[in-house]
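Worksheet: the structure to be examined is printed underneath.
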Amino acid sequence: MRTNLCGEINKEFAGKEVTLSGWVGRRRDHGKLIFLDLRDFSGVVQLVFNPGINKNPYTTAKDVRSEYVIKISGKVTNRSKDTINPSIPSGEVEIVVKDIKIFSKAKTPPFLLEDRSKVEENTRLKYRYIDLRTRQMQENIRLRHNVTDATRKYFNSKGFLEIETPIMAKSTPEGARDFLVPSRMNPGKFYALPQSPQLFKQILMFSGFDRCYQIARCFRDEDLRADRQPEFTQIDMEMTFVEADDVMEIMEGLFSHIFKEVLNKEVKLPFKRIRWKDSMETYGTDKPDLRFGLPIKDISGLFRNSEIKIFKDVLKNNGAVKSIVVNDYLDFTRKELGHLVETARKFGAGGLVWIKIDENMNLQSPISKFLSDTEKEGLIKALSLKEKNLLLIVADKFITACQTLGMIRKHLARKLKLIRADEFNFVWVYDFPLFEWDEKEKRITPVHHPFTKPDENTAGYLDSEPLKVNSMAYDIVLNGVEIGGGSIRINDVNLQKKIFKILKLDEKKIRENFGFFTRALEYGAPPHGGIAIGMDRLIMLMAKVKSIREVIAFPKTQSAVCMLTDSPSSVTDEQLKEVSIDIMEEDGQE
RNA sequence: GGAGCUGUCGUCUAGUGGUUUAGGACACAUGCCUGUCACGCAUGAGAUCGCGGGUUCAAAUCCCGCCAGCUCCGCCA
């Protein structure tokens with residue numbers, strides 16, 4: 001079918017006879033002379049059809065159109081100097097075609113490959129097979145392959161086993177919603193697609209496999225986002241007889257290996273580490289983007305006895321006054337400052353106060369006349385303010401003040417173009433709380449998952465004040481995106497049961513949902529821990545694209561529909577009957 | 001569940017109440033062209049203006065509802 005690839009043809013081949021196969025790109029018909037671009041995964045080469053040299057292929061080429069699949073044979077020929085095309089690698093030569101065969105004709109494609117960047121995404125998804133022919137998608141999917149390949153090689157070299165776990169698994173209603181699969185053999189019963197291989201991974205550790213990994217497809221029936229699909233891929237690993245540091249070290253090795261192998265980039269080891277609390281205080285988020293500065297600073301101490309009512313009230317109620325300093329207020333118009341205040345309100349804060357430091361180090365602000373001289377001097381000193389600085393202040397409940405300024409911080413970085421875009425900035429976030437209070441459900445929920453081991457220094461509070469307990473969990477954050485999370489797991493059945501109890505799962509529920517797991521814990525469970533990396537997100541960042549749909553061959557839309565195949569779709573009554581399912585009428589619902 | 005943005009030939013778009021027989025570019029078709037590579041030139045075909053209702057003498061344009069896509073909040077143990 002072919003002796004060579006389109007992309008490898010260059011002047012070294014001049015004079016050689018080659019046979020190439022691929023898709024036709026553009027066609028330039030000059031009447032007595034036709035040029036076709038022939039494309040395969042490797043690249044593009046120009047074909048020439050000259051009736052004066054070879055009549056038959058010329059006649060066939062007359063009828064060839066875009067996206068036809070053809071095979072040609074001919075001689076690689078040097079181009080004359082003035083017809084060299086420097087923009088493609090094969091541009092110094094072309095193929096003078098002696099023989100052409102059309103494998104397959106093609107309808108006029110709905111969009112031109114070179115127009116891809118302008119075409120609406122749903123058109124591209126409907127004709128994904130054409131979209132995937134574009135250079136960008138070819139590169140993204142290839143990048144993905146290279147990442148899984150590097151991952152396997154790395155883990156294999158470190159003594160990990162790749163072990164598959166069931167896709168038809170058990171529903172565990174804690175956490176994300178499950179996708180359910182009815183069982184024909186067991187009417188009225190359901191499998192669930194796994195949200196993650198978590199429990200199977202742990203059980204493999206109980207079984208003595210020591211280290212395992214999996215490129216695991218996971219399923220969660222939750223709403224979609226640019227970085228969330230209902231099915232996605234995790235790099236999942238688990239290790240026996242380890243502490244958090246061991247897992248982190250292995251993972252740093254993995255990232256370093258992947259970036260070296262795939263992008264030929266060195267990443268600096270070890271990664272930075274930041275405690276969850278520090279991250280919240282300084283960056284207002286548990287997934288800080290450290291490619292820029294703008295740290296959040298606490299200035300509560302300056303306003304304990306303030307005349308300013310909002311500050312005083314907030315502090316009286318255990319809130320905080322927090323601030324960010326921006327270099328130059330000239331970057332902001334009045335309108336933009338107003339917009340910042342709006343943004344702050346949108347994120348849940350009562351408001352936002354701005355202060356400009358003018359050339360004479362005077363503080364200009366809507367609240368300046370309420371600021372005492374001590375407070376002014378205190379601010380200048382505490383924040384090392386310089387002329388032309390802009391100070392943004394949020395006073396609110398501690399967590400609201402942090403999170404609001406966290407969002408403002410990201411907003412400012414984008415506006416002021418402070419983000420070092422070519423950097424890959426990894427950071428570990430650790431020392432998470434074990435639990436958090438779910439205001440909506442009025443109950444305690446795990447921050448990570450209920451199999452996470454409590455940190456020994458704070459485990460004493462488990463019975464009295466569980467919200468004070470920290471966990472042995474760690475997240476890995478890349479450029480402000482959470483790309484993975486893991487933990488040291490509980491390996492003691494009594495502790496595990498205690499955690500379930502704190503989470504208010506009753507005995508019966510524990511038995512039904514996790515009975516298999518607590519039983520497994522009773523027969524000799526070693527200390528163990530692991531992590532799962534959101535592979536799609538990692539590749540999205542490596543490819544510098546805005547959505548994981550760009551690195552998944554066949555993704556779903558925001559309403560979880562596949563534009564290519566039109567799934568999900570109805571099934572026949574017979575199919576439903578076989579699995580004992582009755583569809584409720586729309587009216588039957590509330 | 002909620003908020004915002006978008007929806008006009010195959011594709012990208014112009015059009016904010018009558019100038020519209022909805023304009024352009026690319027793609028497509030036909031013809032001409034032996035050096036193009038975003039080929040060129042000429043001619044042509046191609047649009048239920050997302051769907052439904054309303055206001056108006058008159059709606060792509062204004063209003064209401066719905067649908068679809070995207071972004072975000074909630075949600076994602």
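Lettering and numbering for the structure tokens are positional, with chains as A, B, ... in the shown order, residues counted from 1 in each chain, and ligands counted from 1 in the shown order.
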
Output the contact residues of chain B with respect to chain A at a cut-off of 10 Å, based on only C-alpha atoms (C1' of nucleotides), as a ChimeraX atom specification. /B:10-12,26-28,32-40,68-77

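Per DSSP on the backbone, alpha helix (DSSP H) in segment 78-145 of chain A comprises A:Glu121, A:Asn122, A:Thr123, A:Arg124, A:Leu125, A:Lys126, A:Arg128, A:Tyr129, A:Ile130, A:Asp131, A:Arg135, A:Gln136, A:Met137, A:Gln138, A:Glu139, A:Asn140, A:Ile141, A:Arg142, A:Leu143, A:Arg144, A:His145.
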
Among segment 374-481 of chain A, which residues carry a DSSP assignment of strand (DSSP E), reported as a PyMOL selection string? chain A and resi 390-396+426-430+435-438+443-446+473-478+481

Need to verify the contact set: segment 44-49 of chain B, 7 Å, only C-alpha atoms (C1' of nucleotides), exclusion of same-chain residues closer than 3 positions in sequence. Can you return it as a list in words?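 Once the adjacent positions are removed, what remains is U8, C9 and A60 of chain B.
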
Å distance separating atom CA of Asp298 of chain A from atom CA of Val321 of chain A, one decimal place: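 One can read the atom CA of Asp298 of chain A to atom CA of Val321 of chain A distance as 6.1 Å.
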
One decimal, in Å: what's the spacing between atom CA of Leu193 of chain A and atom CA of Asp178 of chain A? 6.5 Å

When you look at C64 of chain B with a cut-off of 12 Å (counting only C-alpha atoms (C1' of nucleotides)), what residues show up, excluding the ones that are within fewer than 3 positions of it in the same chain? I need them as an mmCIF file with all heavy atoms, in the first residue's frame.
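So the final result, stored in part-v2.cif, reads:
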```cif
data_model
loop_
_atom_site.group_PDB
_atom_site.id
_atom_site.type_symbol
_atom_site.label_atom_id
_atom_site.label_comp_id
_atom_site.auth_asym_id
_atom_site.auth_seq_id
_atom_site.Cartn_x
_atom_site.Cartn_y
_atom_site.Cartn_z
ATOM 1 P P G B 52 -41.636 26.549 13.664
ATOM 2 O OP1 G B 52 -42.490 25.790 12.716
ATOM 3 O OP2 G B 52 -41.009 27.812 13.235
ATOM 4 O "O5'" G B 52 -42.453 26.834 14.984
ATOM 5 C "C5'" G B 52 -43.287 25.820 15.539
ATOM 6 C "C4'" G B 52 -43.919 26.297 16.820
ATOM 7 O "O4'" G B 52 -42.887 26.612 17.786
ATOM 8 C "C3'" G B 52 -44.706 27.594 16.729
ATOM 9 O "O3'" G B 52 -45.992 27.425 16.175
ATOM 10 C "C2'" G B 52 -44.761 28.011 18.204
ATOM 11 O "O2'" G B 52 -45.703 27.249 18.916
ATOM 12 C "C1'" G B 52 -43.350 27.638 18.651
ATOM 13 N N9 G B 52 -42.450 28.804 18.555
ATOM 14 C C8 G B 52 -41.542 29.097 17.568
ATOM 15 N N7 G B 52 -40.905 30.216 17.783
ATOM 16 C C5 G B 52 -41.424 30.686 18.982
ATOM 17 C C6 G B 52 -41.123 31.856 19.726
ATOM 18 O O6 G B 52 -40.302 32.740 19.463
ATOM 19 N N1 G B 52 -41.884 31.950 20.882
ATOM 20 C C2 G B 52 -42.828 31.025 21.272
ATOM 21 N N2 G B 52 -43.469 31.275 22.414
ATOM 22 N N3 G B 52 -43.120 29.924 20.599
ATOM 23 C C4 G B 52 -42.378 29.823 19.468
ATOM 24 P P G B 53 -46.716 28.701 15.496
ATOM 25 O OP1 G B 53 -48.025 28.233 14.998
ATOM 26 O OP2 G B 53 -45.771 29.341 14.569
ATOM 27 O "O5'" G B 53 -46.946 29.697 16.720
ATOM 28 C "C5'" G B 53 -48.130 29.608 17.493
ATOM 29 C "C4'" G B 53 -48.024 30.459 18.728
ATOM 30 O "O4'" G B 53 -46.660 30.425 19.248
ATOM 31 C "C3'" G B 53 -48.264 31.950 18.548
ATOM 32 O "O3'" G B 53 -49.628 32.269 18.407
ATOM 33 C "C2'" G B 53 -47.651 32.509 19.827
ATOM 34 O "O2'" G B 53 -48.469 32.269 20.948
ATOM 35 C "C1'" G B 53 -46.386 31.641 19.928
ATOM 36 N N9 G B 53 -45.259 32.325 19.280
ATOM 37 C C8 G B 53 -44.633 32.008 18.099
ATOM 38 N N7 G B 53 -43.663 32.837 17.791
ATOM 39 C C5 G B 53 -43.661 33.759 18.832
ATOM 40 C C6 G B 53 -42.838 34.902 19.055
ATOM 41 O O6 G B 53 -41.917 35.329 18.347
ATOM 42 N N1 G B 53 -43.180 35.552 20.226
ATOM 43 C C2 G B 53 -44.182 35.168 21.082
ATOM 44 N N2 G B 53 -44.366 35.934 22.165
ATOM 45 N N3 G B 53 -44.952 34.111 20.889
ATOM 46 C C4 G B 53 -44.642 33.454 19.755
ATOM 47 P P G B 54 -50.015 33.477 17.424
ATOM 48 O OP1 G B 54 -51.500 33.507 17.323
ATOM 49 O OP2 G B 54 -49.197 33.385 16.206
ATOM 50 O "O5'" G B 54 -49.539 34.757 18.252
ATOM 51 C "C5'" G B 54 -50.215 35.115 19.455
ATOM 52 C "C4'" G B 54 -49.451 36.162 20.204
ATOM 53 O "O4'" G B 54 -48.043 35.803 20.257
ATOM 54 C "C3'" G B 54 -49.419 37.551 19.575
ATOM 55 O "O3'" G B 54 -50.613 38.264 19.804
ATOM 56 C "C2'" G B 54 -48.219 38.172 20.291
ATOM 57 O "O2'" G B 54 -48.539 38.582 21.607
ATOM 58 C "C1'" G B 54 -47.264 36.984 20.353
ATOM 59 N N9 G B 54 -46.285 37.003 19.259
ATOM 60 C C8 G B 54 -46.184 36.133 18.198
ATOM 61 N N7 G B 54 -45.187 36.424 17.388
ATOM 62 C C5 G B 54 -44.600 37.543 17.968
ATOM 63 C C6 G B 54 -43.475 38.311 17.545
ATOM 64 O O6 G B 54 -42.748 38.140 16.559
ATOM 65 N N1 G B 54 -43.226 39.364 18.417
ATOM 66 C C2 G B 54 -43.944 39.648 19.543
ATOM 67 N N2 G B 54 -43.549 40.706 20.251
ATOM 68 N N3 G B 54 -44.987 38.939 19.944
ATOM 69 C C4 G B 54 -45.260 37.913 19.111
ATOM 70 P P U B 55 -51.115 39.341 18.750
ATOM 71 O OP1 U B 55 -52.455 39.798 19.186
ATOM 72 O OP2 U B 55 -50.898 38.806 17.383
ATOM 73 O "O5'" U B 55 -50.081 40.539 18.981
ATOM 74 C "C5'" U B 55 -50.084 41.268 20.194
ATOM 75 C "C4'" U B 55 -49.027 42.348 20.148
ATOM 76 O "O4'" U B 55 -47.721 41.740 20.049
ATOM 77 C "C3'" U B 55 -49.093 43.253 18.918
ATOM 78 O "O3'" U B 55 -50.065 44.277 19.080
ATOM 79 C "C2'" U B 55 -47.677 43.798 18.866
ATOM 80 O "O2'" U B 55 -47.459 44.821 19.812
ATOM 81 C "C1'" U B 55 -46.868 42.561 19.276
ATOM 82 N N1 U B 55 -46.399 41.788 18.096
ATOM 83 C C2 U B 55 -45.256 42.229 17.458
ATOM 84 O O2 U B 55 -44.637 43.222 17.804
ATOM 85 N N3 U B 55 -44.874 41.477 16.375
ATOM 86 C C4 U B 55 -45.494 40.349 15.884
ATOM 87 O O4 U B 55 -45.019 39.779 14.904
ATOM 88 C C5 U B 55 -46.672 39.955 16.607
ATOM 89 C C6 U B 55 -47.071 40.669 17.657
#
```

Exercise: segment 206-215 of chain A partners within 6 Å, only C-alpha atoms (C1' of nucleotides), chain neighbours under 5 positions left out, as a list in words: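 In the requested format, the answer is Phe160, Leu161, Glu162, Gln234, Ile235, Asp236, Met237, Glu238, Met239, Thr240 and Ala525 of chain A.
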